[in-house]
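Quick look at entry.txt (compact mmCIF, C-alpha atoms):
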```txt
# COMPACT_ATOMS: atom_id res chain seq x y z
CA MET A 1 -14.47 -19.90 -21.14
CA SER A 2 -12.55 -22.61 -22.96
CA SER A 3 -13.27 -26.27 -23.64
CA LEU A 4 -11.01 -28.84 -22.00
CA ALA A 5 -10.59 -32.49 -22.98
CA LEU A 6 -9.86 -34.09 -19.62
CA SER A 7 -11.05 -37.59 -20.33
CA ARG A 8 -14.04 -39.08 -22.07
CA ALA A 9 -15.78 -35.86 -23.04
CA PRO A 10 -15.10 -32.14 -23.39
CA MET A 11 -15.41 -30.20 -20.13
CA GLU A 12 -15.75 -26.51 -19.39
CA VAL A 13 -14.19 -25.04 -16.24
CA GLU A 14 -15.07 -21.65 -14.75
CA LEU A 15 -13.63 -19.86 -11.71
CA ARG A 16 -16.33 -17.50 -10.43
CA LEU A 17 -15.92 -15.06 -7.52
CA ASP A 18 -18.79 -13.90 -5.32
CA GLN A 19 -17.67 -10.27 -5.58
CA THR A 20 -18.18 -8.58 -8.94
CA GLU A 21 -15.10 -6.43 -8.33
CA PRO A 22 -12.31 -8.69 -6.98
CA VAL A 23 -11.08 -6.20 -4.34
CA TYR A 24 -10.36 -7.50 -0.83
CA THR A 25 -8.83 -6.48 2.51
CA CYS A 26 -7.37 -8.62 5.26
CA GLN A 27 -10.82 -8.77 6.86
CA ASP A 28 -12.42 -10.31 3.78
CA LYS A 29 -12.60 -13.87 2.54
CA VAL A 30 -12.03 -14.69 -1.11
CA SER A 31 -15.06 -16.85 -1.83
CA GLY A 32 -16.76 -18.19 -4.91
CA GLU A 33 -17.38 -21.29 -7.00
CA VAL A 34 -15.49 -23.62 -9.30
CA ILE A 35 -17.97 -24.74 -11.96
CA LEU A 36 -17.40 -27.89 -14.03
CA GLN A 37 -19.69 -28.59 -16.96
CA THR A 38 -19.55 -31.82 -18.96
CA GLU A 39 -22.01 -33.47 -21.31
CA SER A 40 -21.11 -37.03 -20.26
CA PRO A 41 -19.19 -38.78 -17.44
CA ALA A 42 -15.54 -37.74 -17.05
CA ASP A 43 -12.57 -39.01 -15.04
CA LEU A 44 -10.91 -36.61 -12.59
CA SER A 45 -7.93 -37.08 -10.29
CA THR A 46 -7.83 -33.88 -8.21
CA ILE A 47 -9.00 -30.28 -8.16
CA PHE A 48 -6.77 -27.89 -6.21
CA LEU A 49 -7.34 -24.21 -5.44
CA LYS A 50 -4.28 -21.99 -4.93
CA LEU A 51 -4.11 -18.45 -3.51
CA SER A 52 -0.72 -16.76 -3.87
CA GLY A 53 1.03 -13.41 -3.71
CA THR A 54 4.27 -12.26 -5.32
CA ALA A 55 6.56 -9.24 -5.01
CA THR A 56 8.61 -8.44 -8.12
CA SER A 57 11.37 -5.81 -8.24
CA ARG A 58 12.90 -4.67 -11.53
CA LEU A 59 15.92 -2.58 -12.44
CA THR A 60 15.42 -1.57 -16.06
CA GLN A 61 18.92 -0.26 -16.74
CA SER A 62 20.64 -3.45 -15.60
CA ARG A 63 17.70 -5.64 -16.74
CA ARG A 64 17.65 -7.38 -13.39
CA THR A 65 14.48 -8.88 -11.93
CA GLU A 66 13.77 -10.56 -8.62
CA THR A 67 10.49 -12.21 -7.58
CA HIS A 68 9.52 -13.34 -4.09
CA ASN A 69 6.52 -15.50 -3.21
CA LEU A 70 4.89 -13.67 -0.31
CA PHE A 71 2.69 -16.66 0.49
CA GLN A 72 1.09 -19.65 -1.18
CA ARG A 73 -2.00 -21.44 0.11
CA SER A 74 -3.31 -24.62 -1.55
CA TYR A 75 -6.64 -26.35 -0.85
CA ARG A 76 -7.94 -29.63 -2.25
CA LEU A 77 -11.50 -29.19 -3.46
CA PHE A 78 -11.83 -32.66 -4.96
CA PRO A 79 -11.94 -35.47 -4.05
CA SER A 80 -13.12 -35.15 -0.46
CA ASP A 81 -11.29 -36.96 2.33
CA HIS A 82 -14.16 -39.43 2.58
CA LEU A 83 -14.09 -40.16 -1.14
CA MET A 84 -10.31 -40.63 -1.13
CA HIS A 85 -10.57 -43.08 1.76
CA ASP A 86 -13.21 -45.19 0.03
CA SER A 87 -11.62 -45.17 -3.43
CA ASN A 88 -8.86 -47.56 -4.48
CA THR A 89 -8.17 -45.80 -7.79
CA SER A 90 -6.22 -42.68 -8.66
CA SER A 91 -9.20 -41.10 -10.44
CA VAL A 92 -12.91 -40.67 -9.86
CA THR A 93 -15.62 -40.66 -12.49
CA ILE A 94 -18.11 -37.81 -12.23
CA GLY A 95 -21.44 -37.79 -14.00
CA GLY A 96 -22.42 -35.50 -16.83
CA GLY A 97 -23.94 -32.09 -16.10
CA ASN A 98 -22.94 -29.11 -13.96
CA HIS A 99 -20.82 -29.59 -10.82
CA ILE A 100 -20.36 -26.66 -8.43
CA LEU A 101 -17.65 -26.62 -5.77
CA ARG A 102 -17.80 -23.80 -3.20
CA PHE A 103 -14.65 -22.29 -1.67
CA SER A 104 -13.69 -19.61 0.85
CA ILE A 105 -10.10 -18.52 1.56
CA THR A 106 -8.73 -15.81 3.83
CA VAL A 107 -5.76 -13.73 2.69
CA PRO A 108 -2.95 -14.06 5.29
CA GLN A 109 -2.45 -10.95 7.41
CA ALA A 110 1.35 -11.35 7.26
CA ILE A 111 3.73 -12.50 4.55
CA GLU A 112 5.13 -16.01 4.95
CA CYS A 113 8.33 -16.08 2.92
CA TYR A 114 10.29 -16.39 6.17
CA LYS A 115 8.85 -19.85 6.86
CA THR A 116 10.72 -23.11 6.38
CA GLY A 117 9.17 -26.49 5.77
CA HIS A 118 8.23 -28.51 8.84
CA TRP A 119 9.07 -31.73 7.03
CA SER A 120 12.75 -31.09 6.32
CA ASN A 121 15.74 -28.93 7.13
CA LYS A 122 15.52 -27.16 3.79
CA PRO A 123 13.85 -23.81 3.23
CA GLN A 124 10.69 -23.53 1.19
CA ILE A 125 11.00 -21.88 -2.22
CA ALA A 126 9.00 -18.88 -1.03
CA CYS A 127 11.96 -16.57 -1.68
CA PRO A 128 14.19 -18.58 -4.03
CA ASN A 129 16.41 -15.61 -4.87
CA ILE A 130 17.57 -15.05 -1.29
CA ALA A 131 20.18 -17.32 0.25
CA CYS A 132 18.17 -17.53 3.44
CA TRP A 133 19.30 -20.81 4.94
CA PRO A 134 20.53 -20.74 7.62
CA LYS A 135 20.44 -16.91 7.60
CA ARG A 136 16.70 -16.59 8.04
CA LYS A 137 17.10 -13.00 9.17
CA SER A 138 17.27 -12.17 5.44
CA HIS A 139 13.48 -12.51 5.41
CA LEU A 140 11.07 -9.99 6.88
CA LEU A 141 7.94 -10.70 8.89
CA ARG A 142 5.63 -7.91 7.77
CA LYS A 143 1.95 -7.22 7.14
CA THR A 144 0.63 -8.37 3.79
CA PRO A 145 1.31 -5.44 1.42
CA PRO A 146 -1.30 -3.87 -0.87
CA SER A 147 -1.51 -4.58 -4.58
CA THR A 148 0.52 -2.13 -6.63
CA GLY A 149 2.18 -1.75 -10.01
CA ASP A 150 2.00 -3.94 -13.10
CA SER A 151 4.30 -6.02 -15.31
CA GLU A 152 6.09 -2.85 -16.48
CA SER A 153 6.59 -1.31 -13.02
CA LEU A 154 9.83 -1.27 -11.07
CA ALA A 155 7.85 -2.59 -8.09
CA GLU A 156 4.88 -4.94 -8.46
CA ILE A 157 2.80 -6.62 -5.75
CA LYS A 158 0.42 -9.12 -7.33
CA TYR A 159 -2.15 -11.59 -5.98
CA SER A 160 -3.86 -14.37 -7.89
CA LEU A 161 -6.32 -17.20 -7.38
CA SER A 162 -6.06 -20.30 -9.55
CA VAL A 163 -7.77 -23.67 -9.87
CA VAL A 164 -5.92 -26.73 -11.19
CA VAL A 165 -8.07 -29.55 -12.58
CA SER A 166 -6.17 -32.81 -13.10
CA GLY A 167 -7.27 -35.86 -15.02
CA LYS A 168 -5.60 -37.42 -18.02
CA SER A 169 -4.48 -33.84 -18.68
CA THR A 170 -4.07 -30.82 -16.41
CA VAL A 171 -5.79 -27.48 -16.89
CA GLU A 172 -5.29 -24.32 -14.83
CA LYS A 173 -7.56 -21.28 -14.64
CA THR A 174 -6.24 -18.11 -12.97
CA ARG A 175 -7.81 -14.82 -11.87
CA ASN A 176 -5.99 -11.81 -10.48
CA ILE A 177 -7.38 -10.22 -7.34
CA ILE A 178 -6.69 -6.84 -5.74
CA PHE A 179 -5.71 -6.61 -2.09
CA HIS A 180 -5.88 -3.40 -0.04
CA SER A 181 -4.23 -3.22 3.36
CA PHE A 182 -6.71 -2.47 6.12
CA SER A 183 -5.70 0.50 8.26
CA ASP A 184 -5.05 -0.39 11.87
CA PRO A 185 -6.13 2.08 14.56
CA ILE A 186 -3.44 4.71 14.91
CA PRO A 187 -1.41 3.93 18.04
CA ASN A 188 -0.96 6.60 20.66
CA GLN A 189 2.12 8.56 19.66
CA LYS A 190 3.61 11.86 20.62
CA PRO A 191 2.77 14.67 18.20
CA PHE A 192 5.41 15.23 15.56
CA LYS A 193 6.55 18.86 15.90
CA GLN A 194 8.76 21.11 13.84
CA SER A 195 9.64 24.79 14.16
CA CYS A 196 11.28 27.31 11.86
CA PHE A 197 11.89 31.04 11.90
CA ILE A 198 11.40 33.87 9.45
CA SER A 199 12.80 37.34 9.81
CA ILE A 200 11.26 40.39 8.13
CA ASN A 201 13.82 42.77 6.63
CA PRO A 202 13.87 46.09 8.54
CA HIS A 203 13.75 48.02 5.23
CA ILE A 204 10.28 46.56 4.63
CA LEU A 205 9.22 47.61 8.11
CA ASP A 206 10.79 51.07 7.89
CA ASP A 207 12.41 50.21 11.20
CA ASP A 208 15.91 49.80 12.59
CA SER A 209 15.64 46.10 13.49
CA PRO A 210 14.16 43.03 11.76
CA LEU A 211 10.94 41.45 12.99
CA PRO A 212 11.23 37.69 13.63
CA PHE A 213 8.39 35.16 13.66
CA ARG A 214 8.37 31.51 14.68
CA ILE A 215 6.24 29.01 12.72
CA ASP A 216 5.32 25.86 14.66
CA THR A 217 3.73 22.92 12.86
CA GLU A 218 2.47 19.74 14.47
CA LEU A 219 1.22 16.40 13.16
CA GLN A 220 -1.13 15.42 15.96
CA ASN A 221 -0.93 11.64 15.33
CA GLY A 222 2.84 11.57 15.05
CA PRO A 223 4.35 10.31 11.77
CA CYS A 224 1.12 8.51 10.77
CA LEU A 225 -1.43 9.52 8.16
CA LEU A 226 -4.63 7.70 7.23
CA LEU A 227 -5.72 7.48 3.61
CA GLY A 228 -9.16 8.96 3.03
CA ASN A 229 -8.73 11.35 5.98
CA SER A 230 -7.59 14.94 6.27
CA ILE A 231 -4.10 15.70 7.54
CA PRO A 232 -4.20 16.06 11.38
CA LEU A 233 -2.21 19.28 11.27
CA SER A 234 -1.95 22.36 13.45
CA ILE A 235 0.01 25.54 12.62
CA THR A 236 0.80 28.45 14.92
CA VAL A 237 2.60 31.73 14.27
CA THR A 238 4.39 33.53 17.11
CA LYS A 239 5.54 37.15 16.95
CA LEU A 240 8.98 37.50 18.55
CA GLY A 241 9.66 41.24 18.09
CA HIS A 242 8.12 44.61 18.92
CA SER A 243 7.74 46.22 15.47
CA ARG A 244 4.31 46.70 13.92
CA CYS A 245 3.79 44.65 10.79
CA ASN A 246 0.75 43.26 8.97
CA ILE A 247 1.50 39.68 7.86
CA LEU A 248 -0.80 37.58 5.65
CA LEU A 249 -0.80 33.91 4.68
CA SER A 250 -0.52 34.09 0.90
CA ALA A 251 -0.23 30.43 -0.19
CA PHE A 252 -0.65 26.95 1.30
CA GLN A 253 0.34 23.61 -0.23
CA THR A 254 0.62 20.02 1.01
CA MET A 255 2.31 17.35 -1.08
CA LEU A 256 3.13 13.66 -0.62
CA VAL A 257 6.54 12.52 -1.85
CA GLU A 258 6.53 8.77 -2.48
CA THR A 259 9.84 6.89 -2.44
CA THR A 260 10.11 3.24 -3.48
CA GLN A 261 13.32 1.32 -2.82
CA VAL A 262 13.91 -1.99 -4.61
CA LYS A 263 16.56 -4.70 -4.66
CA ALA A 264 17.12 -7.07 -7.58
CA GLN A 265 19.81 -9.75 -7.41
CA GLY A 266 21.74 -7.78 -4.82
CA THR A 267 21.59 -4.45 -6.67
CA PRO A 268 19.61 -1.61 -5.04
CA GLY A 269 17.51 0.99 -6.83
CA SER A 270 15.15 3.82 -5.91
CA TYR A 271 12.62 6.10 -7.55
CA THR A 272 10.45 8.99 -6.35
CA SER A 273 7.11 10.46 -7.38
CA THR A 274 5.03 13.34 -6.00
CA ARG A 275 1.33 14.02 -5.56
CA ILE A 276 -0.16 17.37 -4.57
CA VAL A 277 -2.85 16.93 -1.91
CA GLN A 278 -3.90 20.59 -1.72
CA SER A 279 -2.70 23.85 -3.25
CA MET A 280 -4.07 27.35 -2.55
CA ALA A 281 -2.69 30.68 -3.79
CA ASN A 282 -3.57 34.38 -3.40
CA MET A 283 -5.26 33.63 -0.08
CA ASN A 284 -4.46 36.88 1.75
CA TYR A 285 -5.43 35.19 5.00
CA PRO A 286 -4.83 37.69 7.89
CA ILE A 287 -2.65 36.36 10.69
CA GLY A 288 -3.73 39.13 13.08
CA LEU A 289 -0.42 40.03 14.75
CA GLU A 290 0.02 43.61 13.53
CA ASP A 291 -0.61 45.33 16.88
CA ALA A 292 0.08 42.31 19.08
CA PRO A 293 2.79 42.45 21.76
CA THR A 294 5.88 40.27 21.52
CA ASN A 295 5.51 36.50 22.14
CA THR A 296 1.88 36.54 20.99
CA THR A 297 0.84 33.26 19.32
CA VAL A 298 -1.97 32.83 16.80
CA SER A 299 -3.30 29.47 15.52
CA LEU A 300 -4.31 29.15 11.88
CA ARG A 301 -7.83 27.80 11.40
CA ASP A 302 -7.81 24.14 10.34
CA THR A 303 -10.62 24.90 7.88
CA ILE A 304 -7.81 25.80 5.48
CA TRP A 305 -6.84 22.12 5.07
CA ALA A 306 -9.55 20.08 6.87
CA ASN A 307 -11.67 19.53 3.75
CA SER A 308 -8.80 18.07 1.69
CA ARG A 309 -8.37 14.33 2.21
CA LEU A 310 -5.55 11.99 1.31
CA PRO A 311 -6.54 10.06 -1.85
CA LEU A 312 -7.61 6.46 -1.25
CA GLU A 313 -5.90 5.31 -4.45
CA ILE A 314 -2.47 5.94 -2.95
CA THR A 315 -0.70 2.74 -1.92
CA SER A 316 -0.02 2.67 1.80
CA SER A 317 3.49 2.30 3.20
CA PHE A 318 4.84 -1.25 3.19
CA GLU A 319 8.02 -3.30 3.28
CA VAL A 320 8.82 -6.79 2.01
CA CYS A 321 12.12 -8.54 1.33
CA ASN A 322 12.87 -6.77 -1.95
CA ILE A 323 10.58 -3.68 -1.97
CA LYS A 324 10.03 -0.83 0.47
CA ARG A 325 7.67 2.13 0.02
CA MET A 326 7.60 5.20 2.26
CA TYR A 327 6.33 8.77 2.18
CA LYS A 328 7.37 12.28 3.09
CA LEU A 329 4.80 15.00 3.71
CA SER A 330 5.94 18.36 2.37
CA LEU A 331 4.24 21.52 3.66
CA ARG A 332 4.83 24.80 1.82
CA LEU A 333 3.73 28.18 3.17
CA ALA A 334 4.06 31.67 1.71
CA PHE A 335 3.58 34.84 3.76
CA LEU A 336 2.95 38.33 2.41
CA VAL A 337 4.56 41.21 4.28
CA GLY A 338 3.81 44.53 2.62
CA GLN A 339 4.74 43.97 -1.02
CA SER A 340 7.25 41.22 -0.21
CA LYS A 341 6.59 37.47 -0.14
CA VAL A 342 8.38 35.06 2.19
CA ASN A 343 8.36 31.38 1.15
CA MET A 344 9.15 28.42 3.37
CA GLU A 345 9.00 24.62 3.10
CA ILE A 346 8.64 22.17 5.95
CA GLY A 347 9.23 18.44 5.40
CA LYS A 348 7.84 15.74 7.68
CA TYR A 349 8.41 12.03 7.27
CA SER A 350 5.27 10.00 7.73
CA ASN A 351 3.64 6.65 7.08
CA SER A 352 0.40 6.53 5.09
CA SER A 353 -1.78 3.55 5.93
```

I need this file expressed as structure tokens, please.
Amino acid sequence: MSSLALSRAPMEVELRLDQTEPVYTCQDKVSGEVILQTESPADLSTIFLKLSGTATSRLTQSRRTETHNLFQRSYRLFPSDHLMHDSNTSSVTIGGGNHILRFSITVPQAIECYKTGHWSNKPQIACPNIACWPKRKSHLLRKTPPSTGDSESLAEIKYSLSVVVSGKSTVEKTRNIIFHSFSDPIPNQKPFKQSCFISINPHILDDDSPLPFRIDTELQNGPCLLLGNSIPLSITVTKLGHSRCNILLSAFQTMLVETTQVKAQGTPGSYTSTRIVQSMANMNYPIGLEDAPTNTTVSLRDTIWANSRLPLEITSSFEVCNIKRMYKLSLRLAFLVGQSKVNMEIGKYSNSS
């Protein structure tokens, strides 16, 4: 807390939020108090509250940076409309003591950099680095993205709340807030299916012909995953030949591959990171197809992966004018046939939300 000399006497200004941890979703309101404390009367002109969001993309090698204002909401806390109507002066004298001004602001559910001013034919400065007028299609109408990154990141989504107190001098107090996208109900989509084949070498089987199997995987909610939930996955194994063979599931791994694409001053860039969701080895899980006739299908029990949930700290998929984040789900399986191991990897593109 710092002392401010606005007029006749020192004044202290505090921006206090109702929530101890400033973490919000699109269903929450950012509420709190602006507290003014002065020992004697002081002259004030206006007190404005501003809620804003920015998206900054950086390319370190070329040292290029581009920042877009996702939205900017301003609210006048002081003076009130009634007080402004009755006053003929540009400032109002407040008495000494503590003065508390309540506020409540809702974070927009969609970004607003596509908007133009209603009062002129010129675009707002929401995205000053994009030549958007009259080509407004350069802007994207998307859901408000989650907070991510920091001042050193290649992609940073940042939200802040500030109060501007104006008198004979102007003082601004700012607090950063964290915004998490709220997951919408998953829409009805067709399951996302993928098949692949493995063929067991006849030398392993001590037979004249190889033994083929088909592995079918299915994401039951299509290309959509929900953070904090298990992966809605089903896996089946189908025996396509006649030879006898004992096959075991030896290893199971799921991994999220995060890709972030950025643009800065017309130059694109991209980077990738990975996170292992679940990894199991030396399972020796029996498939149960040794004596089964051809075209027999067995489903793997979902207890193998049902207890592993996608981490909540992962940033959900999003897209704004200069940043796009998306995910690929990688599924790796290893089968044990006799003394030989057969490895396979299945990639599925998905959206985490």

With only C-alpha atoms counted and 10 Å as the cut-off, give the residues of stretch 209-245 of chain A in contact with stretch 323-345 of chain A, each with its shortest interatomic distance in Å and the pair that gives it, as CSV.
```
residue,atom,partner,partner_atom,distance
A:Ile215,CA,A:Met344,CA,9.8
A:Thr217,CA,A:Leu331,CA,9.3
A:Pro223,CA,A:Leu329,CA,9.3
A:Leu225,CA,A:Leu329,CA,9.4
A:Ile231,CA,A:Leu329,CA,9.7
A:Cys245,CA,A:Val337,CA,7.4
```

Contacts of A:Val163 at 10 Å (all atoms listed in the file; same-chain gap of 2+ positions) as an mmCIF file with C-alpha atoms, in the frame of the given file:
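selection.cif, written as the output of this step:
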```cif
data_model
loop_
_atom_site.group_PDB
_atom_site.id
_atom_site.type_symbol
_atom_site.label_atom_id
_atom_site.label_comp_id
_atom_site.auth_asym_id
_atom_site.auth_seq_id
_atom_site.Cartn_x
_atom_site.Cartn_y
_atom_site.Cartn_z
ATOM 1 C CA VAL A 13 -14.190 -25.040 -16.240
ATOM 2 C CA GLU A 14 -15.070 -21.650 -14.750
ATOM 3 C CA LEU A 15 -13.630 -19.860 -11.710
ATOM 4 C CA VAL A 34 -15.490 -23.620 -9.300
ATOM 5 C CA ILE A 47 -9.000 -30.280 -8.160
ATOM 6 C CA PHE A 48 -6.770 -27.890 -6.210
ATOM 7 C CA LEU A 49 -7.340 -24.210 -5.440
ATOM 8 C CA LYS A 50 -4.280 -21.990 -4.930
ATOM 9 C CA LEU A 51 -4.110 -18.450 -3.510
ATOM 10 C CA SER A 74 -3.310 -24.620 -1.550
ATOM 11 C CA TYR A 75 -6.640 -26.350 -0.850
ATOM 12 C CA ARG A 76 -7.940 -29.630 -2.250
ATOM 13 C CA LEU A 77 -11.500 -29.190 -3.460
ATOM 14 C CA LEU A 161 -6.320 -17.200 -7.380
ATOM 15 C CA VAL A 165 -8.070 -29.550 -12.580
ATOM 16 C CA SER A 166 -6.170 -32.810 -13.100
ATOM 17 C CA VAL A 171 -5.790 -27.480 -16.890
ATOM 18 C CA GLU A 172 -5.290 -24.320 -14.830
ATOM 19 C CA LYS A 173 -7.560 -21.280 -14.640
ATOM 20 C CA THR A 174 -6.240 -18.110 -12.970
ATOM 21 C CA ARG A 175 -7.810 -14.820 -11.870
#
```

Point to revise | Shell of 12 Å around A:Ala110, only C-alpha atoms, local chain residues under 3 positions omitted, as a PyMOL selection string | key: chain A and resi 26+53+70-72+106-107+113-115+140-146+181+318-320

Could you write those residues out with C-alpha atoms, as a CSV table (one decimal), in the coordinates of the input?
```csv
chain,number,residue,atom,x,y,z
A,26,CYS,CA,-7.4,-8.6,5.3
A,53,GLY,CA,1.0,-13.4,-3.7
A,70,LEU,CA,4.9,-13.7,-0.3
A,71,PHE,CA,2.7,-16.7,0.5
A,72,GLN,CA,1.1,-19.6,-1.2
A,106,THR,CA,-8.7,-15.8,3.8
A,107,VAL,CA,-5.8,-13.7,2.7
A,113,CYS,CA,8.3,-16.1,2.9
A,114,TYR,CA,10.3,-16.4,6.2
A,115,LYS,CA,8.8,-19.8,6.9
A,140,LEU,CA,11.1,-10.0,6.9
A,141,LEU,CA,7.9,-10.7,8.9
A,142,ARG,CA,5.6,-7.9,7.8
A,143,LYS,CA,2.0,-7.2,7.1
A,144,THR,CA,0.6,-8.4,3.8
A,145,PRO,CA,1.3,-5.4,1.4
A,146,PRO,CA,-1.3,-3.9,-0.9
A,181,SER,CA,-4.2,-3.2,3.4
A,318,PHE,CA,4.8,-1.2,3.2
A,319,GLU,CA,8.0,-3.3,3.3
A,320,VAL,CA,8.8,-6.8,2.0
```

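Distances from A:Pro41, A:Pro286, A:Pro293, A:Gly32 to A:Ser104 were compared using all atoms listed in the file, and the smallest one belongs to A:Gly32.
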
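Atom pair atom CA of A:Lys193 / atom CA of A:Leu219: separated by 6.5 Å.
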
Exercise for review: Could you jot down the atom CA of A:Asn295 to atom CA of A:Gly222 separation for me, Å, one decimal place?
Suggested key: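 Separating atom CA of A:Asn295 from atom CA of A:Gly222 is a distance of 26.1 Å.
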
Point to revise | Contacts of A:Thr93 within 7 Å, only C-alpha atoms, excl. fewer than 6 positions in-chain, as a PyMOL selection string | key: chain A and resi 41-44

Exercise for review: Please measure the separation of atom CA of A:Ala251 and atom CA of A:Leu300, giving the value in Å to one decimal.
Suggested key: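 Atom CA of A:Leu300 lies at a distance of 12.8 Å from atom CA of A:Ala251.
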
Practice item. Return the single residue from A:Met280, A:Gly167, A:Gln194, A:Phe179 that is closest to A:Gln220, with distances computed using all atoms listed in the file. Key: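 Checking each of A:Met280, A:Gly167, A:Gln194, A:Phe179 against A:Gln220, counting all atoms listed in the file, the winner is A:Gln194.
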